[in-house]
Every structure is written in structure tokens, then in C-alpha cells.
Amino acid sequence: MVVAATAAVAARVALVAGATGLVGREVLAALLADKTYSAIHSVGRRTLPLTHPKLTQHIVDFAALPELPRADDVFICLGTTIKVAGSQAAFRAVDYEAVVALARMQYARGATKLGVVSAMGADPESGIFYNRTKGEMEAAVASIGYASVSIAQPSMLAGNRAALDQPVRNGEVWTLKVSRWLSPLIPANYRSIQVKDVAAGLIQAVKAGQPGVRRIVSGQLQGAASRG
């Protein structure tokens with residue numbers, strides 16, 4: 001009985017969307033190393049320069065999602081900026097429409113646990129378009145029906161954008177440096193946060209499977225990677 005129970009736990013399947021991004025890359029790496037999962041499906045617009053016995057890649061158009069394999073645990077790390085997307089509509093197509101469409105599809109296929117990367121300040125009533133979109137996305141995925149929904153709300157991400165061929169903005173570099181210098185004086189929720197901590201905190205929350213909807217603010221994510 002113990003052997004059978006262990007095998008059942010170890011046979012979980014995960015799906016990761018956005019594994020070419022800062023947080024998604026760390027989520028995928030952690031899941032591939034996690035013996036809890038027997039198979040990982042990555043979903044994205046670009047091929048990952050990575051092969052692994054547990055990994056199957058699915059290159060998709062998020063505006064017209066194909067049928068995807070069923071997963072037990074779903075991790076959605078999709079996100080862009082209005083500047084990179086080119087318009088508010090293009091930004092919303094990624095940060096709201098693609099996230100919600102994928103979450104709904106996997107729920108319909110039997111997924112029970114969902115983890116989503118959002119942002120600090122997400123609020124469906126916000127007068128700021130970015131925050132409002134994130135808040136509306138959170139409300140939408142929370143209402144789908146998953147047994148457990150974990151939403152990470154990190155502050156400014158500290159990570160290696162150059163390794164992902166993402167532009168590193170001078171203002172952003174300066175802000176991160178100042179944040180590190182002043183870190184002891186800044187409340188935990190407003191400090192810059194390592195992407196490994198965001199990924200680890202989200203994975204820990206999804207695996208714990210707390211019933212209902214849980215929002216994990218940036219201060220709670222700090223140090224998650226070291227807590228294992």
C-alpha cells in the first residue's frame with residue numbers, strides 16, 4: 001500500500017506556460033528536478049533550448065490554443081509589458097486572455113491545482129491599466145473552479161534578463177541596485193525579489209494544494225528558494 005501510494009504521488013503531470021521568461025524558466029527547471037512529477041509539458045511561442053526525458057514542448061499560438069495534454073498541476077507564468085507588446089490590447093492578449101484561456105482549458109481537462117504569476121498591486125478596480133488587467137486576470141482564474149488556486153504577486157523581479165535575450169533597461173538596473181542597497185529599510189513586500197524565490201514559492205503553494213484561492217504577496221515569497 002505504501003509503495004502504491006508513493007507511485008501515485010510521483011506520477012503527477014505538470015504543465016508550464018511561459019518557460020522562456022524569467023520566472024517560468026525557474027519553475028520549469030525546478031519541476032524537472034522534482035521527483036513528484038513524472039512528466040512536464042511546456043507551452044510557449046518559442047522552442048526552448050532544452051531537452052529532458054520528462055519534458056515535452058508544445059509550440060502554440062495562444063490566440064488559438066490547440067488541444068493540449070491533461071495535467072494535474074498547472075503553472076502559468078505568462079507576462080509581458082505594454083512597451084514590449086506594443087499596445088494595451090496586445091498586452092491584455094497575453095496577460096489576461098492567454099492566461100485565462102489556458103487555465104480554463106486545463107480545468108476542463110481535469111486539472112485540479114493552478115499556480116499563476118501575477119504582480120504586486122493587481123487590482124480589478126485600479127485606475128492603472130497594468131494593475132487593473134492583472135487584477136481582472138486574478139478574478140477570472142479564481143472563478144474557474146479549481147480546487148486550489150495559488151497566485152504569486154511579486155514586486156520587481158531580480159534576474160538575468162540578458163540570458164533570455166530580454167532588454168535590460170538602464171532605469172531598471174539602477175532601481176534594482178538602489179533596492180539592494182536600501183533593502184534593510186524597505187518593507188519586504190516592496191523589495192526586489194529573486195526569480196528563484198518567486199518560482200519556489202509558487203511551486204510550494206501549488207504542491208501544498210490549500211483549498212480555495214491563495215494570494216502570496218512578495219514579502220511571503222522572499223527566501224522561498226532557501227526554505228526548499
# chains A, B, ... in the order shown; residues from 1 in each chain; ligands from 1
$ residues_around --residues "A:Glu67" --least-positions-apart "5" --cutoff "12 Å" --atoms "only C-alpha atoms" --output "NGL selection string"
:A and (43 or 58-62 or 101-102 or 104-106 or 108-109)
$ write_last_selection --atoms "all heavy atoms" --output "short mmCIF file (atom, residue, chain, number, x, y, z; two decimals), in the first residue's frame"
data_model
loop_
_atom_site.label_atom_id
_atom_site.label_comp_id
_atom_site.auth_asym_id
_atom_site.auth_seq_id
_atom_site.Cartn_x
_atom_site.Cartn_y
_atom_site.Cartn_z
N VAL A 43 4.47 24.95 -22.54
CA VAL A 43 3.64 25.58 -23.57
C VAL A 43 4.15 26.99 -23.80
O VAL A 43 4.25 27.78 -22.86
CB VAL A 43 2.16 25.62 -23.12
CG1 VAL A 43 1.30 26.27 -24.20
CG2 VAL A 43 1.66 24.23 -22.81
N HIS A 58 5.42 22.15 -26.39
CA HIS A 58 4.29 22.44 -27.26
C HIS A 58 4.39 23.90 -27.70
O HIS A 58 4.28 24.81 -26.87
CB HIS A 58 2.96 22.21 -26.53
CG HIS A 58 2.81 20.84 -25.96
ND1 HIS A 58 2.23 19.80 -26.66
CD2 HIS A 58 3.20 20.32 -24.76
CE1 HIS A 58 2.25 18.71 -25.90
NE2 HIS A 58 2.83 18.99 -24.75
N ILE A 59 4.65 24.12 -28.98
CA ILE A 59 4.75 25.47 -29.52
C ILE A 59 3.37 25.87 -30.03
O ILE A 59 2.80 25.19 -30.91
CB ILE A 59 5.79 25.54 -30.66
CG1 ILE A 59 7.10 24.88 -30.22
CG2 ILE A 59 6.02 26.99 -31.07
CD1 ILE A 59 7.67 25.39 -28.92
N VAL A 60 2.81 26.95 -29.48
CA VAL A 60 1.41 27.27 -29.74
C VAL A 60 1.22 28.75 -30.06
O VAL A 60 2.08 29.58 -29.79
CB VAL A 60 0.53 26.91 -28.52
CG1 VAL A 60 0.70 25.46 -28.13
CG2 VAL A 60 0.82 27.84 -27.34
N ASP A 61 0.08 29.02 -30.62
CA ASP A 61 -0.44 30.38 -30.75
C ASP A 61 -1.48 30.54 -29.65
O ASP A 61 -2.52 29.87 -29.68
CB ASP A 61 -1.08 30.57 -32.13
CG ASP A 61 -1.73 31.94 -32.30
OD1 ASP A 61 -1.73 32.74 -31.34
OD2 ASP A 61 -2.27 32.19 -33.40
N PHE A 62 -1.22 31.37 -28.67
CA PHE A 62 -2.12 31.48 -27.53
C PHE A 62 -3.48 32.06 -27.91
O PHE A 62 -4.45 31.90 -27.17
CB PHE A 62 -1.49 32.32 -26.42
CG PHE A 62 -0.44 31.58 -25.64
CD1 PHE A 62 0.91 31.84 -25.87
CD2 PHE A 62 -0.77 30.62 -24.71
CE1 PHE A 62 1.90 31.16 -25.17
CE2 PHE A 62 0.20 29.92 -24.01
CZ PHE A 62 1.54 30.19 -24.24
N ALA A 101 -7.52 31.67 -20.90
CA ALA A 101 -7.87 30.61 -21.86
C ALA A 101 -7.18 29.31 -21.50
O ALA A 101 -7.80 28.23 -21.53
CB ALA A 101 -7.50 31.05 -23.27
N LEU A 102 -5.90 29.38 -21.16
CA LEU A 102 -5.16 28.17 -20.83
C LEU A 102 -5.66 27.56 -19.52
O LEU A 102 -5.82 26.34 -19.40
CB LEU A 102 -3.68 28.48 -20.73
CG LEU A 102 -2.74 27.30 -20.50
CD1 LEU A 102 -2.92 26.24 -21.59
CD2 LEU A 102 -1.29 27.77 -20.47
N ARG A 104 -8.64 27.80 -18.25
CA ARG A 104 -9.95 27.19 -18.49
C ARG A 104 -9.82 25.86 -19.23
O ARG A 104 -10.51 24.89 -18.90
CB ARG A 104 -10.83 28.15 -19.29
CG ARG A 104 -11.36 29.31 -18.46
CD ARG A 104 -12.12 30.30 -19.31
NE ARG A 104 -12.74 31.35 -18.50
CZ ARG A 104 -13.15 32.52 -18.98
NH1 ARG A 104 -13.01 32.81 -20.27
NH2 ARG A 104 -13.69 33.41 -18.16
N MET A 105 -8.95 25.81 -20.22
CA MET A 105 -8.77 24.58 -20.98
C MET A 105 -8.30 23.45 -20.07
O MET A 105 -8.83 22.32 -20.12
CB MET A 105 -7.76 24.77 -22.12
CG MET A 105 -7.41 23.46 -22.83
SD MET A 105 -6.14 23.63 -24.11
CE MET A 105 -7.09 24.41 -25.40
N GLN A 106 -7.30 23.72 -19.24
CA GLN A 106 -6.77 22.66 -18.39
C GLN A 106 -7.77 22.23 -17.31
O GLN A 106 -7.84 21.06 -16.96
CB GLN A 106 -5.45 23.10 -17.76
CG GLN A 106 -4.27 23.02 -18.72
CD GLN A 106 -4.06 21.59 -19.23
OE1 GLN A 106 -3.86 20.67 -18.44
NE2 GLN A 106 -4.10 21.41 -20.54
N ALA A 108 -10.99 22.18 -17.73
CA ALA A 108 -11.95 21.34 -18.45
C ALA A 108 -11.39 19.95 -18.70
O ALA A 108 -12.16 18.98 -18.82
CB ALA A 108 -12.33 22.00 -19.78
N ARG A 109 -10.06 19.84 -18.74
CA ARG A 109 -9.42 18.54 -18.98
C ARG A 109 -9.10 17.80 -17.69
O ARG A 109 -8.51 16.72 -17.73
CB ARG A 109 -8.16 18.73 -19.83
CG ARG A 109 -8.47 19.22 -21.25
CD ARG A 109 -7.21 19.29 -22.11
NE ARG A 109 -6.63 17.97 -22.35
CZ ARG A 109 -7.05 17.11 -23.25
NH1 ARG A 109 -8.08 17.40 -24.00
NH2 ARG A 109 -6.44 15.94 -23.40
#
$ closest_atom_pairs --of "stretch 65-161 of chain A" --to "stretch 17-27 of chain A" --cutoff "10 Å" --atoms "only C-alpha atoms" --output "JSON lines"
{"residue": "A:Val74", "atom": "CA", "partner": "A:Ala17", "partner_atom": "CA", "distance": 8.2}
{"residue": "A:Phe75", "atom": "CA", "partner": "A:Ala17", "partner_atom": "CA", "distance": 6.3}
{"residue": "A:Ile76", "atom": "CA", "partner": "A:Ala17", "partner_atom": "CA", "distance": 4.8}
{"residue": "A:Cys77", "atom": "CA", "partner": "A:Gly18", "partner_atom": "CA", "distance": 4.9}
{"residue": "A:Leu78", "atom": "CA", "partner": "A:Gly18", "partner_atom": "CA", "distance": 4.7}
{"residue": "A:Gly79", "atom": "CA", "partner": "A:Gly18", "partner_atom": "CA", "distance": 7.6}
{"residue": "A:Thr80", "atom": "CA", "partner": "A:Gly21", "partner_atom": "CA", "distance": 9.1}
{"residue": "A:Ala98", "atom": "CA", "partner": "A:Ala17", "partner_atom": "CA", "distance": 9.7}
{"residue": "A:Val99", "atom": "CA", "partner": "A:Ala17", "partner_atom": "CA", "distance": 8.6}
{"residue": "A:Leu102", "atom": "CA", "partner": "A:Ala17", "partner_atom": "CA", "distance": 8.5}
{"residue": "A:Val116", "atom": "CA", "partner": "A:Ala17", "partner_atom": "CA", "distance": 9.6}
{"residue": "A:Val117", "atom": "CA", "partner": "A:Val23", "partner_atom": "CA", "distance": 8.1}
{"residue": "A:Leu157", "atom": "CA", "partner": "A:Leu22", "partner_atom": "CA", "distance": 8.3}
{"residue": "A:Ala158", "atom": "CA", "partner": "A:Leu22", "partner_atom": "CA", "distance": 8.9}
{"residue": "A:Gly159", "atom": "CA", "partner": "A:Leu22", "partner_atom": "CA", "distance": 6.6}
{"residue": "A:Asn160", "atom": "CA", "partner": "A:Leu22", "partner_atom": "CA", "distance": 7.5}
{"residue": "A:Arg161", "atom": "CA", "partner": "A:Leu22", "partner_atom": "CA", "distance": 7.0}
$ select_by_dssp --residues "chain A" --states "strand (DSSP E or B)" --output "number ranges by chain"
A: 12-17, 37-44, 55-59, 73-76, 113-117, 148-153, 157-158, 193-194, 212-217
$ residues_around --residues "A:Ala85" --least-positions-apart "6" --cutoff "9 Å" --atoms "only C-alpha atoms" --output "PDB file with all heavy atoms, in the first residue's frame"
ATOM      1  N   PHE A  91      -0.936  43.751 -24.927  1.00  0.00           N
ATOM      2  CA  PHE A  91      -0.564  43.376 -23.556  1.00  0.00           C
ATOM      3  C   PHE A  91      -1.667  42.536 -22.930  1.00  0.00           C
ATOM      4  O   PHE A  91      -1.411  41.490 -22.343  1.00  0.00           O
ATOM      5  CB  PHE A  91      -0.328  44.639 -22.728  1.00  0.00           C
ATOM      6  CG  PHE A  91      -0.234  44.386 -21.245  1.00  0.00           C
ATOM      7  CD1 PHE A  91       0.931  43.910 -20.678  1.00  0.00           C
ATOM      8  CD2 PHE A  91      -1.325  44.616 -20.424  1.00  0.00           C
ATOM      9  CE1 PHE A  91       1.015  43.664 -19.312  1.00  0.00           C
ATOM     10  CE2 PHE A  91      -1.258  44.380 -19.057  1.00  0.00           C
ATOM     11  CZ  PHE A  91      -0.077  43.899 -18.504  1.00  0.00           C
ATOM     12  N   ARG A  92      -2.897  42.973 -23.072  1.00  0.00           N
ATOM     13  CA  ARG A  92      -4.019  42.246 -22.475  1.00  0.00           C
ATOM     14  C   ARG A  92      -4.181  40.857 -23.101  1.00  0.00           C
ATOM     15  O   ARG A  92      -4.586  39.906 -22.431  1.00  0.00           O
ATOM     16  CB  ARG A  92      -5.313  43.057 -22.626  1.00  0.00           C
ATOM     17  CG  ARG A  92      -6.508  42.440 -21.900  1.00  0.00           C
ATOM     18  CD  ARG A  92      -7.745  43.321 -22.003  1.00  0.00           C
ATOM     19  NE  ARG A  92      -8.913  42.670 -21.417  1.00  0.00           N
ATOM     20  CZ  ARG A  92      -9.226  42.679 -20.135  1.00  0.00           C
ATOM     21  NH1 ARG A  92      -8.443  43.326 -19.279  1.00  0.00           N
ATOM     22  NH2 ARG A  92     -10.302  42.053 -19.682  1.00  0.00           N
ATOM     23  N   VAL A  94      -1.949  38.824 -23.858  1.00  0.00           N
ATOM     24  CA  VAL A  94      -1.038  37.892 -23.188  1.00  0.00           C
ATOM     25  C   VAL A  94      -1.402  37.743 -21.716  1.00  0.00           C
ATOM     26  O   VAL A  94      -1.638  36.643 -21.214  1.00  0.00           O
ATOM     27  CB  VAL A  94       0.429  38.361 -23.321  1.00  0.00           C
ATOM     28  CG1 VAL A  94       1.356  37.454 -22.507  1.00  0.00           C
ATOM     29  CG2 VAL A  94       0.856  38.394 -24.775  1.00  0.00           C
TER      30      VAL A  94
END
$ select_by_dssp --residues "stretch 58-121 of chain A" --states "helix (DSSP H, G or I)" --output "list in words"
Phe62, Ala63, Ala64, Ile82, Lys83, Val84, Ala85, Gln88, Ala89, Ala90, Phe91, Arg92, Ala93, Val94, Asp95, Tyr96, Glu97, Ala98, Val99, Val100, Ala101, Leu102, Ala103, Arg104, Met105, Gln106, Tyr107 and Ala108 of chain A
$ atom_distance --atom1 "atom CA of A:Gly44" --atom2 "atom CA of A:Val195"
18.8 Å
$ residues_around --residues "A:Leu114" --least-positions-apart "6" --cutoff "10 Å" --atoms "only C-alpha atoms" --output "compact mmCIF listing (two decimals) with N, CA and C atoms, in the first residue's frame"
# COMPACT_ATOMS: atom_id res chain seq x y z
N ALA A 14 2.70 17.93 -14.77
CA ALA A 14 2.61 19.38 -14.67
C ALA A 14 2.67 20.01 -16.06
N LEU A 15 2.02 21.15 -16.17
CA LEU A 15 2.09 21.95 -17.40
C LEU A 15 2.61 23.33 -17.01
N ASP A 72 -2.12 17.55 -14.07
CA ASP A 72 -2.69 17.64 -12.72
C ASP A 72 -2.49 19.04 -12.16
N ASP A 73 -1.26 19.55 -12.30
CA ASP A 73 -0.89 20.85 -11.75
C ASP A 73 -0.49 21.78 -12.90
N VAL A 74 -1.05 22.97 -12.91
CA VAL A 74 -0.83 23.92 -14.00
C VAL A 74 -0.12 25.16 -13.45
N PHE A 75 0.96 25.54 -14.11
CA PHE A 75 1.73 26.72 -13.72
C PHE A 75 1.74 27.69 -14.90
N ILE A 76 1.15 28.86 -14.72
CA ILE A 76 1.09 29.84 -15.80
C ILE A 76 1.93 31.05 -15.43
N ALA A 103 -5.93 28.41 -18.53
CA ALA A 103 -6.44 27.92 -17.25
C ALA A 103 -7.78 27.22 -17.43
N GLN A 106 -7.30 23.72 -19.24
CA GLN A 106 -6.77 22.66 -18.39
C GLN A 106 -7.77 22.23 -17.31
N TYR A 107 -8.56 23.17 -16.82
CA TYR A 107 -9.59 22.80 -15.85
C TYR A 107 -10.61 21.86 -16.50
N VAL A 141 -9.35 33.77 -13.11
CA VAL A 141 -8.85 32.42 -12.85
C VAL A 141 -9.37 31.89 -11.51
N ALA A 142 -9.61 32.81 -10.58
CA ALA A 142 -10.12 32.39 -9.27
C ALA A 142 -11.53 31.83 -9.36
N TYR A 146 -11.11 25.62 -9.97
CA TYR A 146 -10.03 24.77 -9.47
C TYR A 146 -10.19 24.53 -7.97
N ALA A 147 -9.83 23.35 -7.53
CA ALA A 147 -9.86 23.05 -6.10
C ALA A 147 -8.88 23.92 -5.34
N SER A 148 -7.76 24.25 -5.97
CA SER A 148 -6.73 25.06 -5.33
C SER A 148 -6.12 26.02 -6.35
N VAL A 149 -6.11 27.30 -6.02
CA VAL A 149 -5.52 28.33 -6.88
C VAL A 149 -4.50 29.11 -6.06
N SER A 150 -3.26 29.16 -6.54
CA SER A 150 -2.20 29.92 -5.88
C SER A 150 -1.74 31.02 -6.82
N ILE A 151 -1.78 32.26 -6.34
CA ILE A 151 -1.42 33.40 -7.18
C ILE A 151 -0.25 34.13 -6.53
N LEU A 202 5.85 29.70 -5.52
CA LEU A 202 4.67 29.28 -6.27
C LEU A 202 4.56 27.76 -6.29
N ILE A 203 5.66 27.07 -6.53
CA ILE A 203 5.64 25.61 -6.57
C ILE A 203 5.25 25.05 -5.21
N ALA A 205 3.42 26.41 -2.95
CA ALA A 205 2.00 26.65 -2.71
C ALA A 205 1.12 25.69 -3.52
N VAL A 206 1.47 25.47 -4.78
CA VAL A 206 0.68 24.56 -5.62
C VAL A 206 0.75 23.15 -5.06
N LYS A 207 1.93 22.70 -4.69
CA LYS A 207 2.07 21.34 -4.16
C LYS A 207 1.32 21.17 -2.84
N GLY A 209 -1.40 22.67 -2.10
CA GLY A 209 -2.79 22.48 -2.52
C GLY A 209 -3.83 23.00 -1.54
N VAL A 213 -8.63 29.91 -2.94
CA VAL A 213 -7.72 30.82 -3.63
C VAL A 213 -6.76 31.44 -2.61
$ residues_around --residues "A:Phe129" --least-positions-apart "4" --cutoff "12 Å" --atoms "only C-alpha atoms" --output "ChimeraX atom specification"
/A:81-82,87-89,91-92,95-96,121-125,133-136
$ write_last_selection --atoms "C-alpha atoms" --output "compact mmCIF listing (two decimals), in the first residue's frame"
# COMPACT_ATOMS: atom_id res chain seq x y z
CA THR A 81 4.86 44.77 -20.73
CA ILE A 82 2.88 47.31 -22.69
CA SER A 87 -0.20 48.34 -27.22
CA GLN A 88 -2.63 47.88 -24.35
CA ALA A 89 -4.63 45.44 -26.45
CA PHE A 91 -0.56 43.38 -23.56
CA ARG A 92 -4.02 42.25 -22.48
CA ASP A 95 -1.54 38.85 -19.55
CA TYR A 96 -5.29 38.27 -19.45
CA GLY A 121 -0.63 45.88 -6.95
CA ALA A 122 -3.02 43.74 -9.01
CA ASP A 123 -6.50 45.20 -8.54
CA PRO A 124 -9.51 44.92 -10.87
CA GLU A 125 -10.64 48.38 -9.68
CA THR A 133 -5.53 43.89 -16.11
CA LYS A 134 -3.63 41.77 -13.61
CA GLY A 135 -6.46 42.12 -11.11
CA GLU A 136 -9.08 41.13 -13.67
